[in-house]
>>> print(open('protein_26.txt').read())   # compact mmCIF, C-alpha atoms
# COMPACT_ATOMS: atom_id res chain seq x y z
CA PRO A 18 141.80 122.12 72.72
CA ALA A 19 141.74 121.36 76.42
CA ILE A 20 140.83 117.77 77.36
CA SER A 21 138.74 116.95 80.41
CA HIS A 22 140.39 114.93 83.16
CA ASP A 23 138.04 112.00 82.59
CA GLY A 24 138.95 111.99 78.90
CA THR A 25 135.38 112.34 77.60
CA ARG A 26 135.23 116.00 76.47
CA ILE A 27 137.20 118.73 74.79
CA ALA A 28 136.92 122.51 75.14
CA TYR A 29 138.13 124.85 72.45
CA LEU A 30 137.86 128.35 71.02
CA ARG A 31 136.01 129.00 67.78
CA THR A 32 135.73 132.15 65.72
CA VAL A 33 134.17 133.11 62.43
CA LYS A 34 136.79 134.65 60.16
CA SER A 35 136.69 138.43 60.36
CA SER A 36 135.71 140.66 57.46
CA PRO A 37 135.73 144.45 56.99
CA ALA A 38 132.15 144.54 58.28
CA ALA A 39 132.95 143.88 61.94
CA PRO A 40 135.19 141.93 64.32
CA THR A 41 133.98 138.49 65.31
CA ASP A 42 133.79 136.92 68.74
CA TYR A 43 136.06 134.22 70.16
CA GLU A 44 133.54 131.64 71.31
CA ILE A 45 134.06 128.87 73.89
CA TRP A 46 132.75 125.48 72.81
CA VAL A 47 132.58 122.09 74.53
CA ALA A 48 132.14 118.78 72.73
CA GLY A 49 132.57 115.05 73.21
CA ILE A 50 136.08 113.76 72.70
CA ASP A 51 134.99 112.63 69.21
CA GLY A 52 133.53 116.06 68.41
CA SER A 53 129.92 115.02 69.02
CA GLY A 54 127.37 117.16 70.83
CA ALA A 55 129.27 120.40 70.29
CA ARG A 56 127.71 123.38 72.03
CA ARG A 57 128.72 126.88 72.96
CA VAL A 58 129.10 127.90 76.61
CA ALA A 59 129.14 131.40 78.14
CA ALA A 60 127.55 132.84 75.01
CA GLU A 61 126.68 136.11 76.76
CA TRP A 62 130.17 136.57 78.23
CA ASP A 63 131.81 139.38 76.26
CA HIS A 64 135.42 138.28 76.79
CA TRP A 65 138.07 136.42 74.80
CA ALA A 66 139.30 133.46 76.84
CA SER A 67 142.80 132.04 76.91
CA SER A 68 144.66 129.43 79.00
CA LEU A 69 141.67 127.06 78.89
CA ALA A 70 141.76 124.15 81.33
CA PHE A 71 139.12 121.93 82.90
CA ALA A 72 138.52 122.32 86.63
CA ALA A 73 139.51 119.35 88.81
CA ASP A 74 135.97 117.89 88.73
CA ASP A 75 135.43 118.74 85.02
CA SER A 76 132.31 120.77 85.89
CA ALA A 77 133.82 124.06 84.72
CA LEU A 78 136.59 125.59 82.66
CA ILE A 79 139.32 127.70 84.19
CA ALA A 80 140.41 130.49 81.86
CA THR A 81 142.06 133.88 81.73
CA ALA A 82 140.84 136.84 79.70
CA ASP A 83 141.72 140.49 79.24
CA HIS A 84 139.42 142.60 81.40
CA ASP A 85 139.59 146.35 82.01
CA GLY A 86 143.38 146.62 81.79
CA ARG A 87 143.94 143.40 83.70
CA ALA A 88 143.65 139.67 82.96
CA PRO A 89 141.86 137.83 85.78
CA VAL A 90 141.20 134.12 86.18
CA PHE A 91 137.61 133.06 85.52
CA ARG A 92 135.60 129.93 86.30
CA ILE A 93 133.20 129.11 83.45
CA PRO A 94 130.58 126.40 84.18
CA VAL A 95 130.15 123.97 81.32
CA ASP A 96 126.45 123.52 82.14
CA GLY A 97 125.67 127.03 80.90
CA GLY A 98 125.99 128.98 84.14
CA ALA A 99 127.43 132.47 84.27
CA PRO A 100 131.24 132.81 84.55
CA ASP A 101 132.71 133.82 87.90
CA LYS A 102 135.77 136.03 88.27
CA LEU A 103 138.12 134.24 90.69
CA THR A 104 140.75 136.98 91.06
CA ASP A 105 140.19 140.66 91.70
CA ASP A 106 143.50 142.51 91.65
CA ASP A 107 145.62 144.57 89.25
CA PHE A 108 147.48 141.64 87.71
CA ALA A 109 147.40 139.72 84.45
CA TYR A 110 147.30 135.93 84.87
CA ALA A 111 148.57 133.33 82.40
CA ASN A 112 149.66 129.70 82.08
CA VAL A 113 146.91 128.38 84.32
CA VAL A 114 147.30 124.80 85.59
CA VAL A 115 144.75 122.93 87.72
CA ASP A 116 145.88 120.98 90.79
CA ARG A 117 143.68 117.90 90.63
CA GLY A 118 144.48 116.96 94.21
CA THR A 119 143.11 120.14 95.78
CA GLY A 120 141.08 121.74 92.99
CA GLU A 121 143.19 124.85 93.34
CA VAL A 122 144.89 126.63 90.47
CA VAL A 123 148.52 127.49 89.86
CA ALA A 124 149.35 130.32 87.45
CA LEU A 125 151.80 133.05 86.58
CA ARG A 126 150.81 136.65 87.16
CA SER A 127 152.44 139.98 86.37
CA SER A 128 151.76 143.68 86.00
CA TRP A 129 153.68 146.67 84.70
CA VAL A 130 155.51 146.95 88.02
CA VAL A 131 155.90 143.25 88.92
CA PRO A 132 157.43 140.68 86.54
CA PRO A 133 155.90 137.20 86.14
CA HIS A 134 155.85 135.12 89.31
CA PRO A 135 154.02 131.91 90.28
CA VAL A 136 150.97 131.95 92.53
CA ARG A 137 148.42 129.50 93.90
CA ILE A 138 144.73 130.45 93.73
CA ALA A 139 142.42 128.81 96.27
CA ARG A 140 138.81 127.88 95.51
CA ASP A 141 137.63 131.04 97.25
CA GLY A 142 139.94 133.21 95.11
CA ALA A 143 142.61 133.81 97.74
CA VAL A 144 145.99 134.23 96.03
CA THR A 145 149.24 133.04 97.60
CA PRO A 146 152.60 133.84 95.96
CA LEU A 147 154.87 130.82 95.62
CA ALA A 148 158.60 130.63 96.16
CA THR A 149 160.74 131.96 93.30
CA PRO A 150 164.48 131.71 92.55
CA ALA A 151 164.93 135.46 93.00
CA PRO A 152 163.09 138.20 94.90
CA THR A 153 160.85 140.59 92.99
CA PRO A 154 162.87 143.69 92.04
CA ALA A 155 161.78 146.98 93.54
CA ALA A 156 159.93 149.15 91.03
CA PRO A 157 160.82 152.83 90.78
CA GLY A 158 158.01 155.35 90.92
CA SER A 159 154.32 154.51 91.11
CA ILE A 160 151.44 153.33 88.94
CA THR A 161 147.91 154.69 88.75
CA GLU A 162 144.94 154.59 86.40
CA VAL A 163 143.71 157.40 84.18
CA GLU A 164 140.57 157.49 82.10
CA THR A 165 138.52 159.82 79.96
CA THR A 166 135.31 159.87 77.97
CA ALA A 167 135.71 159.79 74.19
CA GLU A 168 133.70 161.94 71.82
CA ASP A 169 131.22 159.09 71.25
CA GLY A 170 130.77 158.53 75.00
CA ALA A 171 133.03 155.50 75.28
CA ARG A 172 135.17 155.13 78.39
CA VAL A 173 138.87 155.04 77.53
CA ARG A 174 141.35 154.08 80.23
CA GLY A 175 145.04 153.32 80.69
CA TRP A 176 147.91 152.96 83.14
CA LEU A 177 150.11 155.91 84.06
CA LEU A 178 153.52 155.25 85.59
CA LEU A 179 155.06 158.20 87.41
CA PRO A 180 158.68 158.74 88.43
CA GLU A 181 159.61 159.44 92.02
CA GLY A 182 159.38 163.13 92.83
CA ALA A 183 156.89 164.02 90.10
CA SER A 184 154.82 166.92 91.42
CA ALA A 185 153.36 170.28 90.50
CA ALA A 186 156.71 171.81 91.41
CA ALA A 187 158.64 169.25 89.33
CA PRO A 188 156.33 167.89 86.61
CA ALA A 189 157.59 164.89 84.64
CA PRO A 190 157.88 164.73 80.83
CA LEU A 191 155.33 162.34 79.31
CA LEU A 192 155.91 159.39 76.98
CA LEU A 193 152.77 158.08 75.25
CA TRP A 194 153.34 154.37 74.52
CA ILE A 195 150.93 152.85 71.97
CA HIS A 196 150.48 149.07 72.10
CA GLY A 197 150.73 146.71 69.16
CA GLY A 198 148.28 144.08 68.05
CA PRO A 199 146.02 145.96 67.58
CA LEU A 200 143.84 143.38 69.39
CA ASN A 201 145.76 143.71 72.62
CA SER A 202 145.81 145.36 76.04
CA TRP A 203 148.55 146.97 78.14
CA ASN A 204 148.15 144.65 81.12
CA ALA A 205 151.18 142.37 81.50
CA TRP A 206 154.91 142.72 82.05
CA SER A 207 157.20 142.86 79.01
CA TRP A 208 160.96 143.25 79.00
CA ARG A 209 160.74 144.38 75.39
CA TRP A 210 158.63 147.42 76.22
CA ALA A 211 159.55 148.03 79.83
CA PRO A 212 158.18 151.39 81.02
CA LEU A 213 160.05 151.19 84.33
CA LEU A 214 163.29 151.83 82.42
CA ALA A 215 161.84 155.16 81.31
CA VAL A 216 160.40 155.87 84.76
CA ALA A 217 163.85 155.34 86.27
CA ARG A 218 165.13 158.12 83.98
CA GLY A 219 162.46 160.56 85.12
CA TYR A 220 159.77 160.06 82.50
CA ALA A 221 156.09 159.46 83.09
CA VAL A 222 154.75 156.72 80.80
CA LEU A 223 151.13 156.54 79.63
CA LEU A 224 149.93 153.07 78.56
CA PRO A 225 146.43 153.55 77.11
CA ASP A 226 143.94 151.04 75.67
CA PRO A 227 142.24 152.87 72.77
CA ALA A 228 139.59 151.51 70.39
CA LEU A 229 140.57 148.04 69.07
CA SER A 230 141.93 147.08 72.51
CA THR A 231 140.78 143.85 74.13
CA GLY A 232 139.18 143.52 77.54
CA TYR A 233 136.37 146.02 76.99
CA GLY A 234 133.97 144.01 74.86
CA LEU A 235 133.37 143.47 71.16
CA ASP A 236 131.69 146.85 70.67
CA PHE A 237 134.82 148.63 71.89
CA ILE A 238 136.89 146.76 69.30
CA ALA A 239 134.32 147.55 66.61
CA ARG A 240 134.75 151.29 67.22
CA GLY A 241 138.07 151.13 65.37
CA TRP A 242 137.40 148.26 62.98
CA ASN A 243 138.27 148.98 59.32
CA SER A 244 139.03 152.51 60.53
CA TRP A 245 142.42 152.45 62.23
CA GLY A 246 143.06 156.14 61.81
CA GLY A 247 139.67 157.05 63.30
CA LYS A 248 138.71 156.39 66.92
CA PRO A 249 141.98 154.68 67.91
CA TYR A 250 143.70 157.98 67.08
CA THR A 251 141.15 160.26 68.75
CA ASP A 252 141.07 157.99 71.83
CA LEU A 253 144.85 158.32 72.16
CA LEU A 254 144.69 162.10 71.98
CA SER A 255 141.80 162.25 74.45
CA ILE A 256 143.54 160.18 77.12
CA THR A 257 146.78 162.08 76.52
CA ASP A 258 144.84 165.26 77.25
CA ALA A 259 143.57 163.68 80.47
CA ALA A 260 147.10 162.82 81.55
CA LEU A 261 148.42 166.26 80.66
CA ALA A 262 145.70 167.86 82.79
CA ARG A 263 147.50 166.52 85.86
CA ASP A 264 149.76 169.02 87.58
CA ASP A 265 152.55 166.43 87.93
CA ILE A 266 152.90 166.09 84.12
CA ASP A 267 154.78 168.62 81.97
CA GLU A 268 152.53 169.32 78.98
CA THR A 269 155.38 171.05 77.13
CA ARG A 270 157.57 167.92 77.02
CA THR A 271 155.80 164.99 75.40
CA ALA A 272 156.78 162.19 73.02
CA ALA A 273 154.88 159.31 71.41
CA MET A 274 156.11 155.84 70.53
CA GLY A 275 154.79 152.47 69.42
CA GLY A 276 155.70 149.19 67.72
CA SER A 277 153.88 147.15 65.06
CA PHE A 278 150.30 148.48 65.15
CA GLY A 279 151.65 150.95 67.71
CA GLY A 280 154.18 151.94 65.06
CA TYR A 281 151.34 152.37 62.58
CA MET A 282 149.64 154.70 65.06
CA ALA A 283 152.91 156.55 65.71
CA ASN A 284 153.15 157.19 61.96
CA TRP A 285 149.50 158.25 61.85
CA VAL A 286 150.02 160.60 64.80
CA ALA A 287 153.07 162.09 63.07
CA GLY A 288 151.00 162.91 59.98
CA HIS A 289 148.06 164.40 61.87
CA THR A 290 149.43 166.47 64.77
CA ASP A 291 152.59 168.28 65.79
CA ARG A 292 151.78 168.25 69.49
CA PHE A 293 154.59 165.79 70.35
CA ARG A 294 158.25 166.82 70.39
CA ALA A 295 159.52 163.41 69.24
CA ILE A 296 158.05 160.16 67.89
CA VAL A 297 159.54 156.65 67.87
CA THR A 298 158.08 154.24 65.31
CA HIS A 299 159.22 150.61 65.55
CA ALA A 300 158.43 147.79 63.06
CA SER A 301 155.70 150.03 61.74
CA LEU A 302 153.11 149.76 59.00
CA TRP A 303 153.58 152.66 56.58
CA ALA A 304 151.87 151.91 53.25
CA LEU A 305 148.94 149.53 53.84
CA ASP A 306 148.55 148.46 50.21
CA GLN A 307 152.21 147.43 50.13
CA PHE A 308 152.14 145.84 53.59
CA SER A 309 149.01 143.74 53.11
CA GLY A 310 150.58 141.72 50.31
CA THR A 311 154.07 141.28 51.77
CA THR A 312 153.42 140.36 55.42
CA ASP A 313 153.63 136.70 56.42
CA SER A 314 149.95 136.93 57.36
CA SER A 315 148.69 138.54 54.17
CA GLU A 316 145.44 136.53 54.00
CA TYR A 317 144.29 138.03 57.30
CA TRP A 318 145.19 141.62 56.51
CA GLN A 319 143.70 141.54 53.04
CA ARG A 320 140.30 140.45 54.36
CA ILE A 321 139.86 142.79 57.33
CA PHE A 322 140.01 146.04 55.32
CA THR A 323 137.91 147.37 52.49
CA PRO A 324 140.03 148.69 49.60
CA GLU A 325 138.76 152.17 50.38
CA ALA A 326 139.72 152.00 54.08
CA MET A 327 143.15 150.62 53.21
CA ILE A 328 143.79 153.75 51.16
CA GLU A 329 142.08 156.24 53.49
CA HIS A 330 143.87 155.00 56.62
CA SER A 331 147.36 154.50 55.21
CA PRO A 332 149.89 156.74 57.01
CA HIS A 333 152.05 157.24 53.91
CA GLN A 334 149.35 159.47 52.43
CA PHE A 335 150.25 162.13 55.01
CA VAL A 336 154.05 162.20 54.81
CA ARG A 337 154.01 165.84 53.69
CA GLU A 338 152.28 166.82 56.95
CA ILE A 339 154.94 165.39 59.27
CA ARG A 340 156.57 168.09 61.41
CA THR A 341 157.87 166.01 64.32
CA PRO A 342 161.30 164.31 64.36
CA LEU A 343 160.90 160.53 63.91
CA LEU A 344 163.15 157.71 65.06
CA VAL A 345 162.44 154.84 62.66
CA VAL A 346 163.43 151.37 63.97
CA HIS A 347 163.24 148.15 61.93
CA GLY A 348 164.73 144.66 61.81
CA ASP A 349 165.71 143.17 58.46
CA LYS A 350 164.30 139.74 59.35
CA ASP A 351 160.87 141.07 60.30
CA TYR A 352 158.34 139.01 58.34
CA ARG A 353 155.22 140.27 60.10
CA VAL A 354 155.94 143.87 59.06
CA PRO A 355 158.65 143.53 56.39
CA VAL A 356 161.58 145.92 56.45
CA GLY A 357 160.33 147.50 53.22
CA GLU A 358 157.84 149.43 55.34
CA GLY A 359 160.63 151.10 57.31
CA LEU A 360 162.77 151.65 54.21
CA ARG A 361 159.90 153.27 52.32
CA LEU A 362 159.06 155.45 55.32
CA TRP A 363 162.69 156.57 55.51
CA SER A 364 162.89 157.19 51.78
CA GLU A 365 159.72 159.26 51.71
CA LEU A 366 160.80 161.28 54.75
CA ALA A 367 163.98 162.13 52.84
CA GLU A 368 162.03 162.88 49.67
CA HIS A 369 159.78 165.41 51.37
CA HIS A 370 161.76 166.72 54.33
CA ALA A 371 165.52 166.59 53.66
CA ASP A 372 167.32 169.84 52.88
CA GLU A 373 169.49 170.32 49.81
CA ASP A 374 172.38 168.58 51.57
CA GLY A 375 170.21 165.58 52.53
CA ARG A 376 169.97 166.51 56.19
CA MET A 377 166.80 166.08 58.24
CA PRO A 378 165.85 165.69 61.91
CA HIS A 379 164.74 162.06 61.47
CA ARG A 380 166.87 159.04 62.35
CA PHE A 381 166.91 155.32 61.43
CA LEU A 382 168.01 152.50 63.76
CA TYR A 383 168.46 149.33 61.67
CA PHE A 384 169.03 145.79 62.97
CA PRO A 385 170.28 143.44 60.20
CA ASP A 386 169.57 140.26 62.18
CA GLU A 387 166.50 141.03 64.30
CA ASN A 388 162.87 140.23 63.51
CA HIS A 389 159.58 141.84 64.58
CA TRP A 390 161.00 142.04 68.09
CA VAL A 391 164.52 142.94 69.15
CA LEU A 392 165.44 139.73 70.96
CA LYS A 393 169.21 139.75 71.54
CA PRO A 394 169.94 141.22 75.00
CA GLN A 395 172.75 143.51 73.82
CA HIS A 396 170.57 144.73 70.97
CA ALA A 397 167.86 145.56 73.49
CA VAL A 398 170.42 147.73 75.30
CA VAL A 399 171.21 149.49 72.01
CA TRP A 400 167.47 149.94 71.38
CA TYR A 401 166.72 151.55 74.75
CA GLU A 402 169.83 153.72 74.76
CA THR A 403 169.05 154.99 71.25
CA VAL A 404 165.40 155.68 72.09
CA PHE A 405 166.31 157.62 75.24
CA ALA A 406 169.06 159.53 73.45
CA PHE A 407 166.63 160.51 70.71
>>> encode(input="protein_26.txt", output="structure tokens")
Amino acid sequence: PAISHDGTRIAYLRTVKSSPAAPTDYEIWVAGIDGSGARRVAAEWDHWASSLAFAADDSALIATADHDGRAPVFRIPVDGGAPDKLTDDDFAYANVVVDRGTGEVVALRSSWVVPPHPVRIARDGAVTPLATPAPTPAAPGSITEVETTAEDGARVRGWLLLPEGASAAAPAPLLLWIHGGPLNSWNAWSWRWAPLLAVARGYAVLLPDPALSTGYGLDFIARGWNSWGGKPYTDLLSITDAALARDDIDETRTAAMGGSFGGYMANWVAGHTDRFRAIVTHASLWALDQFSGTTDSSEYWQRIFTPEAMIEHSPHQFVREIRTPLLVVHGDKDYRVPVGEGLRLWSELAEHHADEDGRMPHRFLYFPDENHWVLKPQHAVVWYETVFAF
């Protein structure tokens, strides 16, 4: 919890445990320092707050939250007033700290083209970058937004990064990158999945937020709840179609890739369409019944699916339908998605798609000493070079 400056109150997040029926909200509560008088604030605010801190005068909470592909800073009155959005730009803010002397806020912010850097936010929302040890590196290419309307009328949006020179005369090949989580949003810099490295090599990179993504309200998450292979999949195809309708994108050269839940979706895509020329699946869920009992968070996964949905939406059921070359990537010390998922995927690809000499178009990149992420810098180099070579 966050503690008020006068030491009399605490603010905290509370959520009812999810079930297969529906996702549950992350509620903001305020109570006395001893837990007395607990009450919910901003009950009508359809956002999931993070970085909670009391304002300098303790009259409000300062928080960040995913919002429409960004993560602004919000001021949330503790007396029940409506939250105010303090920042209005294309950045994601984090690590908010309140300056008690001025009432201003210091935070880190980033985007897909600017790595994290410190800023000061005035009471009126004006943002001033602070000095940093090194200048911000120049980003190749450009970034824009794309959106489409899903079959159920929902708005689905994402970021599209384009390489320099992409045009109707020289359209760029497209990489669809599917985020993990799945309760997540493509809104903040990551060196682990750094689209600018692909842009620098001439690729366009699509970073969509399909059903189950955060920052669009609880109903948007519910569209894909207990149904991972449903609207999250159709949303991805719909926004890919929207990107491919641009004349600066080459619709004949496309690939899809994702890690964790994104790897699950990459596997699901592989078993349901042959529209992509290559697919990269990293730390991916393959057989949900196997995964749910072996992950380090088994209690969560076993209670958010019905037994029927766990079977219906398991990618391994569709291994015979895979027609696209897959690059399977897994770390042996991955406890969130144990390496058995990658090994079983590889084994079943061989069972159904290898020729009589054991050859097939699929490949496996294995890291004996990496976990759910590839953390060692030289291993990251190996990862990117292998992905681009594939």
>>> residues_around(input="protein_26.txt", residues="segment 163-178 of chain A", least_positions_apart="2", cutoff="9 Å", atoms="only C-alpha atoms", output="PDB file with C-alpha atoms, keeping the file's coordinate frame")
ATOM      1  CA  ASP A  85     139.590 146.350  82.010  1.00  0.00           C
ATOM      2  CA  GLY A  86     143.380 146.620  81.790  1.00  0.00           C
ATOM      3  CA  TRP A 129     153.680 146.670  84.700  1.00  0.00           C
ATOM      4  CA  VAL A 130     155.510 146.950  88.020  1.00  0.00           C
ATOM      5  CA  GLY A 158     158.010 155.350  90.920  1.00  0.00           C
ATOM      6  CA  SER A 159     154.320 154.510  91.110  1.00  0.00           C
ATOM      7  CA  ILE A 160     151.440 153.330  88.940  1.00  0.00           C
ATOM      8  CA  THR A 161     147.910 154.690  88.750  1.00  0.00           C
ATOM      9  CA  PRO A 180     158.680 158.740  88.430  1.00  0.00           C
ATOM     10  CA  TRP A 203     148.550 146.970  78.140  1.00  0.00           C
ATOM     11  CA  ASN A 204     148.150 144.650  81.120  1.00  0.00           C
ATOM     12  CA  PRO A 212     158.180 151.390  81.020  1.00  0.00           C
ATOM     13  CA  LEU A 213     160.050 151.190  84.330  1.00  0.00           C
ATOM     14  CA  VAL A 216     160.400 155.870  84.760  1.00  0.00           C
ATOM     15  CA  TYR A 220     159.770 160.060  82.500  1.00  0.00           C
ATOM     16  CA  ALA A 221     156.090 159.460  83.090  1.00  0.00           C
ATOM     17  CA  VAL A 222     154.750 156.720  80.800  1.00  0.00           C
ATOM     18  CA  LEU A 223     151.130 156.540  79.630  1.00  0.00           C
ATOM     19  CA  LEU A 224     149.930 153.070  78.560  1.00  0.00           C
ATOM     20  CA  PRO A 225     146.430 153.550  77.110  1.00  0.00           C
ATOM     21  CA  ASP A 226     143.940 151.040  75.670  1.00  0.00           C
ATOM     22  CA  PRO A 227     142.240 152.870  72.770  1.00  0.00           C
ATOM     23  CA  ALA A 228     139.590 151.510  70.390  1.00  0.00           C
ATOM     24  CA  PHE A 237     134.820 148.630  71.890  1.00  0.00           C
ATOM     25  CA  LYS A 248     138.710 156.390  66.920  1.00  0.00           C
ATOM     26  CA  THR A 251     141.150 160.260  68.750  1.00  0.00           C
ATOM     27  CA  ASP A 252     141.070 157.990  71.830  1.00  0.00           C
ATOM     28  CA  LEU A 253     144.850 158.320  72.160  1.00  0.00           C
ATOM     29  CA  SER A 255     141.800 162.250  74.450  1.00  0.00           C
ATOM     30  CA  ILE A 256     143.540 160.180  77.120  1.00  0.00           C
ATOM     31  CA  ASP A 258     144.840 165.260  77.250  1.00  0.00           C
ATOM     32  CA  ALA A 259     143.570 163.680  80.470  1.00  0.00           C
ATOM     33  CA  ALA A 260     147.100 162.820  81.550  1.00  0.00           C
TER      34      ALA A 260
END
>>> residues_around(input="protein_26.txt", residues="segment 142-156 of chain A", least_positions_apart="2", cutoff="9 Å", atoms="only C-alpha atoms", output="VMD selection string")
chain A and resid 102 to 105 130 to 132 134 to 140 158 to 159 213 217
>>> residues_around(input="protein_26.txt", residues="Ser301 of chain A", least_positions_apart="3", cutoff="7 Å", atoms="all atoms listed in the file", output="ChimeraX atom specification")
/A:276-278,280-281,298,354,358-359
>>> write_last_selection(input="protein_26.txt", atoms="C-alpha atoms", output="PDB file, in the coordinates of the input")
ATOM      1  CA  GLY A 276     155.700 149.190  67.720  1.00  0.00           C
ATOM      2  CA  SER A 277     153.880 147.150  65.060  1.00  0.00           C
ATOM      3  CA  PHE A 278     150.300 148.480  65.150  1.00  0.00           C
ATOM      4  CA  GLY A 280     154.180 151.940  65.060  1.00  0.00           C
ATOM      5  CA  TYR A 281     151.340 152.370  62.580  1.00  0.00           C
ATOM      6  CA  THR A 298     158.080 154.240  65.310  1.00  0.00           C
ATOM      7  CA  VAL A 354     155.940 143.870  59.060  1.00  0.00           C
ATOM      8  CA  GLU A 358     157.840 149.430  55.340  1.00  0.00           C
ATOM      9  CA  GLY A 359     160.630 151.100  57.310  1.00  0.00           C
TER      10      GLY A 359
END
>>> atom_distance(input="protein_26.txt", atom1="atom CA of Thr403 of chain A", atom2="atom CA of Ala295 of chain A")
12.9 Å
>>> closest_residue(input="protein_26.txt", among="A:Gln319, A:Arg209, A:Val286, A:Leu125", to="Lys393 of chain A", atoms="only C-alpha atoms")
A:Arg209
>>> closest_residue(input="protein_26.txt", among="A:Leu191, A:Leu343, A:Val95, A:Leu305", to="Thr269 of chain A", atoms="only C-alpha atoms")
A:Leu191
>>> atom_distance(input="protein_26.txt", atom1="atom CA of Arg340 of chain A", atom2="atom CA of Pro378 of chain A")
9.6 Å
>>> atom_distance(input="protein_26.txt", atom1="atom CA of Trp245 of chain A", atom2="atom CA of Ala80 of chain A")
29.5 Å
>>> closest_residue(input="protein_26.txt", among="A:Phe405, A:Tyr110, A:Tyr233, A:Tyr43", to="His84 of chain A", atoms="only C-alpha atoms")
A:Tyr233
>>> residues_around(input="protein_26.txt", residues="segment 181-186 of chain A", least_positions_apart="5", cutoff="8 Å", atoms="all atoms listed in the file", output="list in words")
Pro157, Gly158, Ser159, Gly219, Asp264, Asp265 and Ile266 of chain A
